[in-house]
Structure formats: C-alpha cells, structure tokens
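File shown: data.txt (compact mmCIF, C-alpha atoms and all ligand atoms).
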```txt
# COMPACT_ATOMS: atom_id res chain seq x y z
CA MET O 484 -5.93 12.05 -13.65
CA THR O 485 -4.02 13.78 -16.42
CA ALA O 486 -4.43 13.02 -20.12
CA GLY O 487 -0.77 12.22 -20.74
CA CYS O 488 2.80 13.38 -20.32
CA THR O 489 3.10 17.15 -20.11
CA ALA O 490 6.65 16.98 -21.53
CA CYS O 491 6.56 14.57 -24.49
CA GLY O 492 2.82 14.11 -25.02
CA HIS O 493 2.80 10.31 -24.78
CA LYS O 494 -0.36 8.92 -23.29
CA THR O 495 0.98 6.11 -21.08
CA LEU O 496 1.74 7.09 -17.51
CA ALA O 497 3.30 5.06 -14.70
CA ILE O 498 1.27 5.70 -11.59
CA THR O 499 2.73 4.84 -8.18
CA SER O 500 0.26 4.40 -5.38
CA TYR O 501 -0.14 2.90 -1.90
CA ILE O 502 -2.87 0.30 -2.13
CA ASP O 503 -4.46 -2.38 0.01
CA ARG O 504 -3.25 -5.94 -0.25
CA SER O 505 -4.62 -8.91 1.63
CA VAL O 506 -2.32 -11.76 2.51
CA VAL O 507 -2.62 -15.01 4.45
CA VAL O 508 0.17 -15.37 7.00
CA MET O 509 1.24 -18.70 8.46
CA ALA O 510 3.53 -18.62 11.51
CA ALA O 511 4.52 -15.02 10.66
CA ASP O 512 5.45 -15.90 7.05
CA PRO O 513 3.24 -15.06 4.09
CA ASN O 514 1.48 -18.12 2.69
CA ASP O 515 1.15 -16.65 -0.78
CA ALA O 516 1.98 -13.47 -2.68
CA GLY O 517 -1.29 -11.94 -1.53
CA ARG O 518 -3.86 -10.20 -3.63
CA TRP O 519 -4.96 -6.64 -4.19
CA ALA O 520 -7.93 -5.67 -2.08
CA HIS O 521 -8.44 -2.26 -3.62
CA ASP O 522 -10.87 -0.66 -5.97
CA GLY O 523 -10.06 2.02 -8.52
CA GLU O 524 -10.92 4.84 -6.14
CA LYS O 525 -8.49 3.66 -3.47
CA PHE O 526 -5.79 3.35 -6.12
CA VAL O 527 -6.26 6.97 -7.12
CA ASP O 528 -6.55 8.01 -3.47
CA GLY O 529 -3.13 6.59 -2.56
CA THR O 530 -1.29 8.00 -5.57
CA TYR O 531 1.96 9.72 -4.71
CA ARG O 532 3.78 9.81 -8.05
CA VAL O 533 2.82 9.99 -11.69
CA ALA O 534 5.60 9.68 -14.25
CA CYS O 535 5.72 9.35 -18.02
CA ALA O 536 6.29 5.73 -19.08
CA THR O 537 8.18 6.96 -22.14
CA CYS O 538 10.48 9.80 -21.04
CA ALA O 539 10.28 9.40 -17.21
CA HIS O 540 9.20 13.03 -16.78
CA ILE O 541 7.55 13.42 -13.35
CA VAL O 542 4.03 14.71 -13.95
CA PHE O 543 2.99 14.67 -10.30
CA GLU O 544 4.74 13.91 -7.01
CA HIS O 545 3.59 14.36 -3.45
CA PRO O 546 5.97 13.99 -0.46
CA ASP O 547 3.22 13.77 2.17
CA CYS O 548 1.98 10.53 3.70
CA PRO O 549 -0.50 9.02 1.24
CA ARG O 550 -2.70 7.81 4.09
CA CYS O 551 -2.81 10.65 6.65
CA HIS O 552 -1.17 13.52 4.72
CA THR O 553 1.46 14.21 7.40
CA ALA O 554 4.03 16.50 5.75
CA GLY O 555 7.00 14.51 4.46
CA GLY O 556 5.41 11.26 5.57
CA LEU O 557 6.00 9.43 2.30
CA ALA O 558 9.77 9.10 2.88
CA THR O 559 9.09 7.68 6.35
CA ALA O 560 6.59 5.20 4.98
CA LEU O 561 8.94 3.97 2.25
CA ALA O 562 12.02 3.74 4.50
CA THR O 563 10.54 1.91 7.48
CA THR O 564 9.35 -1.66 7.95
CA SER O 565 5.88 -2.40 9.27
CA ARG O 566 5.31 -1.12 12.80
CA LEU O 567 2.54 -3.67 13.25
CA VAL O 568 4.28 -7.04 13.32
CA ILE O 569 2.30 -10.24 12.84
CA PRO O 570 2.99 -12.79 15.60
CA LYS O 571 3.79 -16.44 14.88
CA ARG O 572 0.51 -17.47 16.47
CA CYS O 573 -2.76 -15.85 17.47
CA VAL O 574 -2.16 -14.62 21.02
CA ASN O 575 -5.68 -15.72 21.97
CA CYS O 576 -6.06 -19.22 20.59
CA ASN O 577 -2.63 -20.26 19.21
CA GLU O 578 -3.93 -20.48 15.63
CA LEU O 579 -1.03 -20.36 13.14
CA GLU O 580 -2.92 -18.83 10.23
CA LEU O 581 -3.76 -15.13 10.34
CA MET O 582 -5.35 -12.90 7.71
CA ALA O 583 -3.59 -9.60 7.19
CA ILE O 584 -4.40 -6.40 5.35
CA ALA O 585 -1.39 -4.36 4.33
CA MET O 586 -0.74 -1.17 2.41
CA VAL O 587 1.85 -1.71 -0.29
CA PRO O 588 3.39 0.67 -2.82
CA ALA O 589 2.66 -0.42 -6.35
CA VAL O 590 3.12 0.88 -9.86
CA ALA O 591 0.62 0.56 -12.69
CA ARG O 592 0.57 1.79 -16.27
CA TYR O 593 -2.36 3.89 -17.34
CA GLY O 594 -3.36 5.01 -20.78
CA GLY O 595 -2.12 2.11 -22.88
CA GLY O 596 -5.66 0.92 -23.55
CA GLU O 597 -5.46 -2.15 -21.32
CA ALA O 598 -6.70 -2.38 -17.75
CA PRO O 599 -4.00 -1.31 -15.29
CA LYS O 600 -2.35 -4.18 -13.41
CA PRO O 601 -0.57 -2.84 -10.33
CA LYS O 602 2.75 -4.48 -9.53
CA PRO O 603 3.94 -4.42 -5.91
CA LEU O 604 7.26 -2.58 -5.46
CA VAL O 605 8.22 -4.33 -2.22
CA GLU O 606 7.62 -7.72 -0.63
CA PHE O 607 6.25 -8.66 2.77
CA GLY O 608 8.72 -7.68 5.51
CA GLU O 609 10.62 -5.16 3.38
CA PRO O 610 10.70 -1.40 4.08
CA GLY O 611 7.58 0.25 2.69
CA TYR O 612 5.31 -2.79 3.23
CA HIS O 613 3.02 -1.89 6.10
CA VAL O 614 0.57 -4.18 7.86
CA VAL O 615 -2.61 -2.26 8.70
CA ALA O 616 -4.42 -5.03 10.55
CA TYR O 617 -4.52 -8.77 11.07
CA ALA O 618 -7.22 -11.08 12.27
CA CYS O 619 -7.68 -14.67 13.38
CA ASP O 620 -10.52 -16.55 11.73
CA ALA O 621 -10.61 -19.15 14.47
CA CYS O 622 -11.38 -16.79 17.37
CA ASP O 623 -12.18 -13.45 15.69
CA ASN O 624 -9.29 -11.73 17.47
CA ALA O 625 -8.36 -8.65 15.39
CA VAL O 626 -5.47 -6.23 15.84
CA VAL O 627 -5.31 -2.88 14.06
CA ALA O 628 -2.25 -0.62 13.77
CA GLU O 629 -2.32 2.41 16.06
CA GLY O 630 -2.32 5.76 14.31
CA CYS O 631 -1.17 5.86 10.72
CA ALA O 632 0.08 2.43 9.59
CA LEU O 633 2.27 4.03 6.93
CA CYS O 634 4.20 6.83 8.65
CA GLY O 635 3.42 6.25 12.33
CA ALA O 636 1.77 9.64 12.88
CA ALA O 637 -0.79 9.69 15.69
CA GLY O 638 -3.58 10.70 13.35
CA PRO O 639 -6.41 11.43 12.95
CA LEU O 640 -6.58 9.49 9.70
CA ARG O 641 -8.52 11.14 6.95
CA PRO O 642 -11.49 9.28 5.56
CA ARG O 643 -10.93 7.16 2.45
CA PRO O 644 -13.29 6.90 -0.49
ZN ZN O 701 6.99 11.93 -21.51
ZN ZN O 702 0.65 8.73 7.68
ZN ZN O 703 -7.27 -16.80 17.40
```

If you took the structure in this file and wrote it as structure tokens, what would it be?
Amino acid sequence: MTAGCTACGHKTLAITSYIDRSVVVMAADPNDAGRWAHDGEKFVDGTYRVACATCAHIVFEHPDCPRCHTAGGLATALATTSRLVIPKRCVNCNELELMAIAMVPAVARYGGGEAPKPKPLVEFGEPGYHVVAYACDACDNAVVAEGCALCGAAGPLRPRP
C-alpha cells in the first residue's frame, strides 16, 4: 500500500475493496446488517480503487474483476445484482433461516492513525452486492455460486490469501 497521496501528500487514503460479509437471511430477507468476515489480507486483495481522502486524487484504480481478474469485470460486478439468489426456504428441509456469505464493495480510510472501519457501499439486494454461498444450519445443505460470484465469468478463480 502506498504511503500517501501522490498529488497533495496527505497521508489519509480512501480504499475501496470487495470484501466478505456474512449475513443471516430469514425468508429471503436479511435478518441484520451482517458483519464483515474478512481479515486484513482479504481487504487488500479485493482492492480496486485507492483515492486521496483530502483531494480525491485517484492513486490506484483497477477495472478488472477483483475476484477473478477478468478484464473489465469490475463494472459488471458493480452494475449487476447477485446471480446467486437466496430462496425463501431451504429447498431440502424448509428451514426459513439461511446463513449467507456475500462479497460487498466497501470503503475504508487508511492512514489516519485509527484502525480502518470498512463501510459497505451497497445493501443486500442492490447492484454490486453478490452472494457467494448460502447454507442451512438445520440440514447442512450448502449452495455455492457457479464461476465468479462477482462478474459471472466461468473461472477459474484465482486463489485468495
Ligand atoms: Zn491528495
Ligand atoms: Zn470475476
Ligand atoms: Zn435445510
């Protein structure tokens, strides 16, 4: 990561990244706001834009899919809703509550001295919010998105840290 803005020299950068979020879903609606399920390495791994928090100068920007690196895949990921749709009930056992893992674009400030707190840029169901997998605790039925959950490319997915 860079030491600061290359234009104005300020240290605080706004870093935009696709990161993992876990959410409990009840009858196809999120039960809560969800929580981040990432570590620092995954945050860095999914970074697609770094901008100065002071002058908005773009320090780094990458148009490829943050997950599979398909050329131009970022625009697809941000413009489309989740291809994997969570059903109202588990198709196996009719359970209403399902656990989902999603990848969500988020922005966090780095360099201000405090620990970065990513803020989600979109909500469940909005374009850019992509469900990667969901599972039923009651019967262990698990469904994973085919190919790249973000841009829909067939893959192969690259390994993550
Ligand atoms: Zn700047
Ligand atoms: Zn992709
Ligand atoms: Zn089930």

Mind listing the residues within 8 Å of ligand ZN 702 (chain O), all atoms listed in the file counted, as a PyMOL selection string?
chain O and resi 547-553+556-557+560+630-636+638+640

Give me the residues near Val605 (chain O) as number ranges by chain, where near means some atom within 9 Å (using all atoms listed in the file) and where sequence neighbours in that chain fewer than 3 positions away do not count.
O: 587-589, 608-612

Residue subset to file, keeping C-alpha atoms, as a short mmCIF file (atom, residue, chain, number, x, y, z; two decimals), in the coordinates of the input:
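To be explicit, this is the file written out as out_20.cif:
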```
data_model
loop_
_atom_site.label_atom_id
_atom_site.label_comp_id
_atom_site.auth_asym_id
_atom_site.auth_seq_id
_atom_site.Cartn_x
_atom_site.Cartn_y
_atom_site.Cartn_z
CA VAL O 587 1.85 -1.71 -0.29
CA PRO O 588 3.39 0.67 -2.82
CA ALA O 589 2.66 -0.42 -6.35
CA GLY O 608 8.72 -7.68 5.51
CA GLU O 609 10.62 -5.16 3.38
CA PRO O 610 10.70 -1.40 4.08
CA GLY O 611 7.58 0.25 2.69
CA TYR O 612 5.31 -2.79 3.23
#
```

Find the residues near ligand ZN 701 (chain O). Use a cut-off of 10 Å, count all atoms listed in the file, and write them as a PDB file with C-alpha atoms, keeping the file's coordinate frame.
```pdb
ATOM      1  CA  GLY O 487      -0.770  12.220 -20.740  1.00  0.00           C
ATOM      2  CA  CYS O 488       2.800  13.380 -20.320  1.00  0.00           C
ATOM      3  CA  THR O 489       3.100  17.150 -20.110  1.00  0.00           C
ATOM      4  CA  ALA O 490       6.650  16.980 -21.530  1.00  0.00           C
ATOM      5  CA  CYS O 491       6.560  14.570 -24.490  1.00  0.00           C
ATOM      6  CA  GLY O 492       2.820  14.110 -25.020  1.00  0.00           C
ATOM      7  CA  HIS O 493       2.800  10.310 -24.780  1.00  0.00           C
ATOM      8  CA  LYS O 494      -0.360   8.920 -23.290  1.00  0.00           C
ATOM      9  CA  THR O 495       0.980   6.110 -21.080  1.00  0.00           C
ATOM     10  CA  LEU O 496       1.740   7.090 -17.510  1.00  0.00           C
ATOM     11  CA  ALA O 534       5.600   9.680 -14.250  1.00  0.00           C
ATOM     12  CA  CYS O 535       5.720   9.350 -18.020  1.00  0.00           C
ATOM     13  CA  ALA O 536       6.290   5.730 -19.080  1.00  0.00           C
ATOM     14  CA  THR O 537       8.180   6.960 -22.140  1.00  0.00           C
ATOM     15  CA  CYS O 538      10.480   9.800 -21.040  1.00  0.00           C
ATOM     16  CA  ALA O 539      10.280   9.400 -17.210  1.00  0.00           C
ATOM     17  CA  HIS O 540       9.200  13.030 -16.780  1.00  0.00           C
ATOM     18  CA  ILE O 541       7.550  13.420 -13.350  1.00  0.00           C
ATOM     19  CA  VAL O 542       4.030  14.710 -13.950  1.00  0.00           C
TER      20      VAL O 542
END
```

Surroundings of ligand ZN 703 (chain O) up to 7 Å, based on all atoms listed in the file, as a VMD selection string
chain O and resid 573 to 578 619 to 624

Around region 534-552 of chain O, with edges along x, y and z and 6 Å added on all six sides, what centre and edge lengths do you get, in Å to one decimal, as lines of an AutoDock Vina configuration file?
```
center_x = 3.8
center_y = 10.2
center_z = -7.7
size_x = 25.3
size_y = 21.0
size_z = 40.8
```

As a list in words, please: the residues near Ala520 (chain O) (cut-off 6 Å, all atoms listed in the file, same-chain neighbours under 6 positions excluded).
Asp503, Arg504 and Ser505 of chain O

How about saving the chosen residues, C-alpha atoms kept, as a tab-separated table (two decimals), in the frame of the given file?
```tsv
chain	number	residue	atom	x	y	z
O	503	ASP	CA	-4.46	-2.38	0.01
O	504	ARG	CA	-3.25	-5.94	-0.25
O	505	SER	CA	-4.62	-8.91	1.63
```

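The gap separating CA of Ala511 (chain O) from CA of Ala583 (chain O) is 10.4 Å, in Å to one decimal.
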
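Nearest residue to Ala585 (chain O) among O:Val627, O:Ala516, O:Ala616, O:Ile498 is O:Ala616, counting only C-alpha atoms.
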
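Between Phe543 (chain O) and the residues O:Ile569, O:Ala497, O:Val507, O:Val614, the shortest atom-to-atom distance, using all atoms listed in the file, involves O:Ala497.
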
Quick one: pull the distance between CA of Lys571 (chain O) and CA of Arg518 (chain O), Å, one decimal.
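Spanning CA of Lys571 (chain O) to CA of Arg518 (chain O) is a straight-line distance of 21.0 Å.
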
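Here CA of Asp528 (chain O) is placed at a distance of 7.9 Å from CA of Ser500 (chain O).
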
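Among the candidates O:His521, O:Val506, O:Asp515, O:Pro642, the one nearest to Lys600 (chain O) when counting all atoms listed in the file is O:His521.
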
Pick out the closest residue to Tyr617 (chain O) from this set: O:Thr563, O:Val508, O:Ala591, O:Gly529. Count all atoms listed in the file.
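For Tyr617 (chain O), the nearest of the given residues is O:Val508.
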
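Candidate residues O:Val615, O:Ala598, O:Leu567, O:Ala625 were compared for distance to Met586 (chain O), and the nearest is O:Val615, using all atoms listed in the file.
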
Pick from O:Glu524, O:Pro644, O:Asp512, O:Ala558: nearest to Glu606 (chain O), with all atoms listed in the file counted?
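Using all atoms listed in the file, the shortest distance to Glu606 (chain O) belongs to O:Asp512.
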